[in-house]
$ cat input_36.tsv   # TSV, C-alpha atoms
chain	number	residue	atom	x	y	z
A	1	MET	CA	118.96	113.59	119.19
A	2	GLU	CA	120.55	110.32	118.10
A	3	ASP	CA	120.04	109.23	114.50
A	4	PRO	CA	118.05	105.94	114.53
A	5	ASN	CA	119.95	104.61	111.51
A	6	ARG	CA	123.18	105.13	113.41
A	7	HIS	CA	121.75	103.00	116.18
A	8	LEU	CA	120.87	100.27	113.69
A	9	ILE	CA	124.38	100.13	112.32
A	10	THR	CA	125.72	99.68	115.85
A	11	ARG	CA	123.23	96.95	116.63
A	12	ARG	CA	123.43	94.99	113.39
A	13	LYS	CA	127.09	95.79	112.65
A	14	SER	CA	126.39	95.13	109.01
A	15	LEU	CA	124.15	97.94	107.77
A	16	ALA	CA	126.66	100.32	106.23
A	17	MET	CA	124.72	99.92	102.99
A	18	LEU	CA	121.67	101.77	104.35
A	19	GLY	CA	120.82	104.78	102.20
A	20	SER	CA	121.29	105.55	98.53
A	21	GLY	CA	123.00	102.24	97.71
A	22	GLY	CA	119.68	100.43	97.84
A	23	ALA	CA	118.07	102.74	95.31
A	24	SER	CA	120.90	102.31	92.82
A	25	PHE	CA	120.62	98.53	93.15
A	26	PHE	CA	116.90	98.66	92.37
A	27	LEU	CA	117.50	100.77	89.26
A	28	ALA	CA	120.13	98.37	87.99
A	29	SER	CA	118.21	95.18	88.69
A	30	GLY	CA	115.81	95.53	85.76
A	31	GLY	CA	112.76	94.33	87.66
A	32	LEU	CA	111.42	91.32	89.50
A	33	SER	CA	109.87	89.20	86.82
A	34	SER	CA	108.34	86.27	88.69
A	35	ALA	CA	107.12	87.48	92.06
A	36	PHE	CA	104.88	90.35	91.01
A	37	ALA	CA	102.19	91.30	88.56
A	38	ARG	CA	102.66	94.57	86.76
A	39	THR	CA	100.10	97.30	87.23
A	40	SER	CA	99.74	100.94	86.29
A	41	GLU	CA	99.92	103.70	88.88
A	42	GLY	CA	96.58	104.66	90.36
A	43	HIS	CA	94.98	101.28	89.68
A	44	ASP	CA	91.57	101.05	91.36
A	45	TYR	CA	91.46	97.85	93.37
A	46	VAL	CA	88.08	96.33	94.19
A	47	ALA	CA	87.48	94.14	97.24
A	48	ASP	CA	87.15	90.41	96.56
A	49	ALA	CA	83.38	89.87	96.62
A	50	SER	CA	83.73	86.23	97.66
A	51	ARG	CA	85.38	87.33	100.94
A	52	ALA	CA	83.29	90.40	101.62
A	53	CYS	CA	81.03	88.77	104.21
A	54	THR	CA	83.62	86.46	105.78
A	55	LEU	CA	84.81	87.89	109.09
A	56	THR	CA	88.57	88.41	109.15
A	57	ALA	CA	90.21	86.40	111.94
A	58	GLU	CA	91.56	88.24	114.95
A	59	GLN	CA	95.33	88.04	115.40
A	60	GLU	CA	97.63	89.12	118.17
A	61	GLU	CA	98.70	92.71	118.67
A	62	GLY	CA	102.32	91.80	119.45
A	63	PRO	CA	104.60	93.61	121.91
A	64	PHE	CA	105.54	96.50	119.60
A	65	TYR	CA	102.20	98.28	119.38
A	66	VAL	CA	102.36	101.96	120.28
A	67	ALA	CA	99.34	104.26	120.30
A	68	VAL	CA	100.80	106.62	117.71
A	69	ASP	CA	97.65	108.50	116.74
A	70	LYS	CA	99.06	110.54	113.85
A	71	VAL	CA	96.68	110.68	110.87
A	72	ARG	CA	98.98	110.56	107.85
A	73	SER	CA	99.41	108.65	104.61
A	74	ASP	CA	103.22	108.91	104.43
A	75	ILE	CA	104.64	106.73	107.19
A	76	ALA	CA	108.09	105.99	105.72
A	77	LEU	CA	109.53	109.23	107.14
A	78	GLY	CA	112.82	108.80	105.30
A	79	GLN	CA	113.48	105.17	106.23
A	80	PRO	CA	115.57	103.46	103.52
A	81	GLY	CA	114.02	100.61	101.59
A	82	LEU	CA	111.90	99.71	98.57
A	83	PRO	CA	108.86	102.02	98.27
A	84	PHE	CA	105.74	100.10	99.26
A	85	LEU	CA	102.16	101.28	98.74
A	86	ILE	CA	99.84	99.51	101.20
A	87	GLU	CA	96.18	99.48	100.16
A	88	ILE	CA	93.64	98.08	102.62
A	89	THR	CA	89.92	97.79	101.87
A	90	VAL	CA	87.62	97.38	104.87
A	91	ILE	CA	84.29	95.59	104.46
A	92	ASP	CA	81.35	95.68	106.88
A	93	THR	CA	80.28	92.06	107.42
A	94	LEU	CA	76.82	93.19	108.55
A	95	THR	CA	76.06	94.76	105.16
A	96	CYS	CA	78.71	93.17	102.90
A	97	LYS	CA	79.56	96.68	101.72
A	98	PRO	CA	82.67	98.88	102.05
A	99	LEU	CA	82.98	100.46	105.50
A	100	ARG	CA	83.35	104.22	105.28
A	101	ASN	CA	85.20	106.41	107.81
A	102	ALA	CA	86.81	103.55	109.72
A	103	ALA	CA	90.25	104.44	111.10
A	104	VAL	CA	92.94	101.98	109.99
A	105	ASP	CA	96.00	102.01	112.23
A	106	ILE	CA	99.11	100.19	110.92
A	107	TRP	CA	102.66	99.59	112.08
A	108	HIS	CA	105.59	97.48	110.90
A	109	CYS	CA	109.36	97.15	111.20
A	110	ASN	CA	111.91	98.87	108.96
A	111	ALA	CA	114.27	97.23	106.46
A	112	SER	CA	116.50	96.08	109.32
A	113	GLY	CA	113.71	94.48	111.36
A	114	ILE	CA	113.51	97.38	113.85
A	115	TYR	CA	110.30	98.95	115.20
A	116	SER	CA	110.11	102.64	116.07
A	117	ASP	CA	109.23	104.17	119.44
A	118	ILE	CA	110.42	101.12	121.38
A	119	GLN	CA	112.92	101.59	124.20
A	120	SER	CA	114.46	98.13	123.80
A	121	GLU	CA	115.06	98.88	120.10
A	122	GLY	CA	116.71	102.22	120.91
A	123	THR	CA	114.09	104.11	118.90
A	124	SER	CA	112.05	105.81	121.62
A	125	ALA	CA	112.37	109.26	120.04
A	126	TYR	CA	111.01	108.17	116.64
A	127	ASN	CA	107.67	106.99	115.23
A	128	PHE	CA	108.47	105.93	111.65
A	129	LEU	CA	106.37	103.26	109.94
A	130	ARG	CA	103.33	103.98	112.10
A	131	GLY	CA	100.21	105.91	111.16
A	132	VAL	CA	96.45	106.13	110.74
A	133	GLN	CA	94.16	106.75	107.76
A	134	PHE	CA	90.36	106.93	107.53
A	135	THR	CA	88.63	104.84	104.87
A	136	ASP	CA	87.03	106.61	101.91
A	137	THR	CA	83.64	105.89	100.32
A	138	HIS	CA	85.09	102.68	98.87
A	139	GLY	CA	86.25	101.50	102.31
A	140	ARG	CA	89.85	102.01	101.27
A	141	VAL	CA	92.99	103.50	102.80
A	142	THR	CA	96.43	103.92	101.25
A	143	PHE	CA	99.76	104.26	103.04
A	144	ASN	CA	103.09	105.22	101.49
A	145	SER	CA	105.69	103.12	103.25
A	146	ILE	CA	108.68	100.86	102.58
A	147	PHE	CA	108.61	97.11	102.23
A	148	PRO	CA	109.00	95.68	105.76
A	149	GLY	CA	112.15	93.84	106.73
A	150	HIS	CA	112.38	90.65	108.74
A	151	TYR	CA	113.74	89.49	112.06
A	152	SER	CA	114.21	86.31	114.05
A	153	GLY	CA	111.11	84.26	114.76
A	154	ARG	CA	108.53	85.93	112.48
A	155	THR	CA	107.55	85.86	108.85
A	156	THR	CA	107.19	89.20	107.06
A	157	HIS	CA	104.06	91.05	108.19
A	158	VAL	CA	102.29	94.37	108.71
A	159	HIS	CA	100.16	94.94	111.82
A	160	ALA	CA	96.75	96.58	111.48
A	161	ARG	CA	93.84	97.49	113.70
A	162	ILE	CA	90.54	99.13	112.86
A	163	HIS	CA	88.81	101.77	114.97
A	164	ILE	CA	85.09	102.59	114.68
A	165	ASN	CA	83.44	105.94	115.51
A	166	ALA	CA	86.85	107.57	115.90
A	167	GLU	CA	87.53	111.14	114.79
A	168	ASP	CA	90.34	113.06	113.15
A	169	GLN	CA	91.02	116.09	115.35
A	170	ASP	CA	93.90	118.19	114.05
A	171	ARG	CA	95.47	115.11	112.40
A	172	ARG	CA	95.13	113.06	115.59
A	173	LEU	CA	93.01	109.95	116.10
A	174	THR	CA	90.59	110.35	119.00
A	175	GLY	CA	87.73	108.33	120.50
A	176	GLY	CA	85.99	105.30	119.08
A	177	HIS	CA	86.49	101.61	119.77
A	178	ILE	CA	88.66	98.88	118.23
A	179	CYS	CA	86.67	96.34	116.20
A	180	HIS	CA	89.62	94.38	114.80
A	181	THR	CA	93.27	93.68	115.50
A	182	GLY	CA	95.24	91.66	112.97
A	183	GLN	CA	98.17	91.27	110.61
A	184	VAL	CA	98.57	91.16	106.83
A	185	PHE	CA	101.27	89.29	104.96
A	186	PRO	CA	103.20	89.96	101.73
A	187	THR	CA	103.60	86.81	99.64
A	188	GLU	CA	106.61	84.57	100.13
A	189	ALA	CA	107.54	85.02	96.46
A	190	SER	CA	107.75	88.78	96.94
A	191	TYR	CA	109.85	88.89	100.09
A	192	THR	CA	112.17	86.15	98.84
A	193	GLU	CA	113.19	88.41	95.96
A	194	VAL	CA	113.11	91.71	97.83
A	195	TYR	CA	115.42	90.37	100.54
A	196	GLN	CA	118.12	89.79	97.95
A	197	LEU	CA	118.35	93.57	97.51
A	198	SER	CA	120.07	96.26	99.54
A	199	PRO	CA	119.49	97.25	102.31
A	200	TYR	CA	117.50	94.11	103.15
A	201	ASN	CA	120.30	91.68	102.31
A	202	ALA	CA	122.42	93.08	105.16
A	203	GLU	CA	120.08	91.41	107.68
A	204	THR	CA	121.50	88.06	108.84
A	205	ALA	CA	118.44	86.74	110.69
A	206	THR	CA	116.94	83.61	109.17
A	207	ILE	CA	114.00	84.33	106.88
A	208	VAL	CA	110.89	82.65	108.31
A	209	SER	CA	108.39	81.17	105.85
A	210	HIS	CA	104.66	81.54	106.34
A	211	THR	CA	104.19	77.94	107.44
A	212	GLN	CA	106.98	78.31	110.03
A	213	ASP	CA	105.25	81.32	111.58
A	214	ARG	CA	102.95	80.69	114.57
A	215	VAL	CA	100.64	83.62	113.85
A	216	TRP	CA	100.22	82.52	110.23
A	217	THR	CA	99.53	78.89	111.09
A	218	ASP	CA	97.56	79.22	114.36
A	219	GLN	CA	95.69	82.48	113.73
A	220	HIS	CA	94.58	82.06	110.10
A	221	GLY	CA	97.24	84.26	108.52
A	222	ASP	CA	96.56	82.56	105.18
A	223	THR	CA	93.31	84.54	104.91
A	224	GLU	CA	95.22	87.84	104.95
A	225	SER	CA	97.82	87.34	102.24
A	226	MET	CA	98.44	90.52	100.24
A	227	ARG	CA	98.25	90.70	96.47
A	228	MET	CA	101.60	92.04	95.29
A	229	SER	CA	102.18	94.17	92.20
A	230	MET	CA	104.90	96.38	90.78
A	231	ILE	CA	104.00	100.02	90.22
A	232	GLY	CA	104.15	100.56	86.48
A	233	SER	CA	106.86	98.75	84.55
A	234	ARG	CA	109.89	99.83	86.57
A	235	LEU	CA	110.86	98.26	89.86
A	236	SER	CA	112.42	101.54	90.99
A	237	LYS	CA	108.89	102.90	91.45
A	238	GLY	CA	108.22	100.29	94.12
A	239	LEU	CA	105.53	97.78	94.99
A	240	ILE	CA	101.84	97.71	95.83
A	241	GLY	CA	100.36	95.35	98.41
A	242	THR	CA	96.56	95.10	98.54
A	243	VAL	CA	94.32	93.23	100.96
A	244	THR	CA	90.69	93.15	102.13
A	245	MET	CA	89.72	93.05	105.80
A	246	ALA	CA	86.13	92.21	106.74
A	247	VAL	CA	85.00	93.35	110.18
A	248	ASN	CA	81.93	93.66	112.38
A	249	PRO	CA	81.85	97.38	113.28
A	250	LYS	CA	79.66	96.69	116.34
A	251	ALA	CA	82.13	94.22	117.86
A	252	THR	CA	84.85	94.91	120.41
A	253	PRO	CA	86.89	91.69	120.31
A	254	LYS	CA	89.10	90.71	123.22
A	255	LEU	CA	92.80	90.88	122.41
A	256	ILE	CA	94.38	87.48	121.89
A	257	GLY	CA	97.91	86.14	122.19
A	258	ALA	CA	100.95	88.31	122.79
A	259	THR	CA	100.42	92.03	123.32
A	260	SER	CA	102.53	95.07	123.99
A	261	GLY	CA	102.26	94.24	127.67
A	262	GLY	CA	103.25	90.59	127.45
A	263	ALA	CA	105.64	88.05	126.00
A	264	GLY	CA	105.37	85.80	123.01
A	265	ALA	CA	105.51	86.06	119.25
A	266	ILE	CA	106.14	89.47	117.77
$ encode --input "input_36.tsv" --output "structure tokens"
Amino acid sequence: MEDPNRHLITRRKSLAMLGSGGASFFLASGGLSSAFARTSEGHDYVADASRACTLTAEQEEGPFYVAVDKVRSDIALGQPGLPFLIEITVIDTLTCKPLRNAAVDIWHCNASGIYSDIQSEGTSAYNFLRGVQFTDTHGRVTFNSIFPGHYSGRTTHVHARIHINAEDQDRRLTGGHICHTGQVFPTEASYTEVYQLSPYNAETATIVSHTQDRVWTDQHGDTESMRMSMIGSRLSKGLIGTVTMAVNPKATPKLIGATSGGAGAI
């Protein structure tokens, strides 16, 4: 089976730095002082009460969605990049309370802007940076990932959709219905600094700001900006991105914009 990182080096022709070089750069950098707040490991984030009853806007699925139904918290699967803890809290807009046992399905590109399990990306045999978690009693899920890279035409983002009445059968998502499809966005301050580091700085595609991104501007991306923090006091431990998504669990919204079966923004 072909190594996906080998494929990336061929495609980008500039990613020889993928691997341990990035980690050594992080250790030597001394930290990102301006873009992030510092927080201790295991910090208990609470949903923003002022947004709890405000329905999160639907956003497009994009063409790189794959129904990878693996229930798992570790989705990095060895991909090189800055460790990134993604914490999503789901609120029920009908009760204004945390939504328990909702399945949160996320996917995003790797440090080189490549999505897994996509034939056109040469990654059909892999499913890194995709996974599902069920919300706990606080309406929260946590994924261990890497900070997403960037690619032409889009600002930095993580896709997410929420399934209701689904079940975990042998670590597989089954049944239920989709009550929300959307995207969440790390802050510009965070990705501006992260993209100066290896392996991200090997990507030559122009970095797209939030206001230059069609999904952000036309589909209310500003409501889903993540709060960014460093884990502990050392950058080498990685980053935390937290966000609240408020949904109507009884709804089954129609998909909007570009999807995995169509053209458009990704």
$ residues_around --input "input_36.tsv" --residues "Lys254 of chain A" --least-positions-apart "6" --cutoff "10 Å" --atoms "only C-alpha atoms" --output "PyMOL selection string"
chain A and resi 58+178-181
$ closest_residue --input "input_36.tsv" --among "A:Thr155, A:Thr211, A:Ser116, A:Ser190" --to "Met230 of chain A" --atoms "all atoms listed in the file"
A:Ser190
$ closest_residue --input "input_36.tsv" --among "A:Ala125, A:Cys53, A:Ile146, A:Ala251" --to "Leu77 of chain A" --atoms "all atoms listed in the file"
A:Ile146
$ atom_distance --input "input_36.tsv" --atom1 "atom CA of Pro253 of chain A" --atom2 "atom CA of Pro186 of chain A"
24.8 Å
$ closest_residue --input "input_36.tsv" --among "A:Arg214, A:His159, A:Arg72, A:Lys250" --to "Asn144 of chain A" --atoms "all atoms listed in the file"
A:Arg72
$ atom_distance --input "input_36.tsv" --atom1 "atom CA of Ser145 of chain A" --atom2 "atom CA of Phe84 of chain A"
5.0 Å
$ atom_distance --input "input_36.tsv" --atom1 "atom CA of Met226 of chain A" --atom2 "atom CA of Glu203 of chain A"
22.9 Å
$ residues_around --input "input_36.tsv" --residues "Tyr115 of chain A" --least-positions-apart "6" --cutoff "8 Å" --atoms "all atoms listed in the file" --output "list of chain:residue names"
A:Phe64, A:His108, A:Cys109, A:Glu121, A:Thr123, A:Leu129
$ write_last_selection --input "input_36.tsv" --atoms "C-alpha atoms" --output "PDB file, keeping the file's coordinate frame"
ATOM      1  CA  PHE A  64     105.540  96.500 119.600  1.00  0.00           C
ATOM      2  CA  HIS A 108     105.590  97.480 110.900  1.00  0.00           C
ATOM      3  CA  CYS A 109     109.360  97.150 111.200  1.00  0.00           C
ATOM      4  CA  GLU A 121     115.060  98.880 120.100  1.00  0.00           C
ATOM      5  CA  THR A 123     114.090 104.110 118.900  1.00  0.00           C
ATOM      6  CA  LEU A 129     106.370 103.260 109.940  1.00  0.00           C
TER       7      LEU A 129
END
$ closest_residue --input "input_36.tsv" --among "A:Asp117, A:Glu188, A:Glu87, A:Asp170" --to "Asp136 of chain A" --atoms "only C-alpha atoms"
A:Glu87
$ axis_aligned_box --input "input_36.tsv" --around "segment 67-75 of chain A" --padding-each-side "8 Å" --output "AutoDock Vina command-line options"
--center_x 100.7 --center_y 107.5 --center_z 112.4 --size_x 24.0 --size_y 22.4 --size_z 31.9
$ closest_residue --input "input_36.tsv" --among "A:Ile106, A:Val243, A:Ile91, A:Leu197" --to "Val68 of chain A" --atoms "all atoms listed in the file"
A:Ile106
$ residues_around --input "input_36.tsv" --residues "Ile88 of chain A" --least-positions-apart "6" --cutoff "8 Å" --atoms "all atoms listed in the file" --output "ChimeraX atom specification"
/A:140-142,242-245
$ residues_around --input "input_36.tsv" --residues "Arg227 of chain A" --least-positions-apart "2" --cutoff "9 Å" --atoms "only C-alpha atoms" --output "ChimeraX atom specification"
/A:36-37,186-187,225,229,240-243
$ residues_around --input "input_36.tsv" --residues "Thr56 of chain A" --least-positions-apart "4" --cutoff "8 Å" --atoms "only C-alpha atoms" --output "list of chain:residue names"
A:Thr223, A:Glu224, A:Met245, A:Ala246, A:Val247
$ closest_residue --input "input_36.tsv" --among "A:Gln183, A:Asn248, A:Ser198, A:Thr135" --to "Ala111 of chain A" --atoms "all atoms listed in the file"
A:Ser198
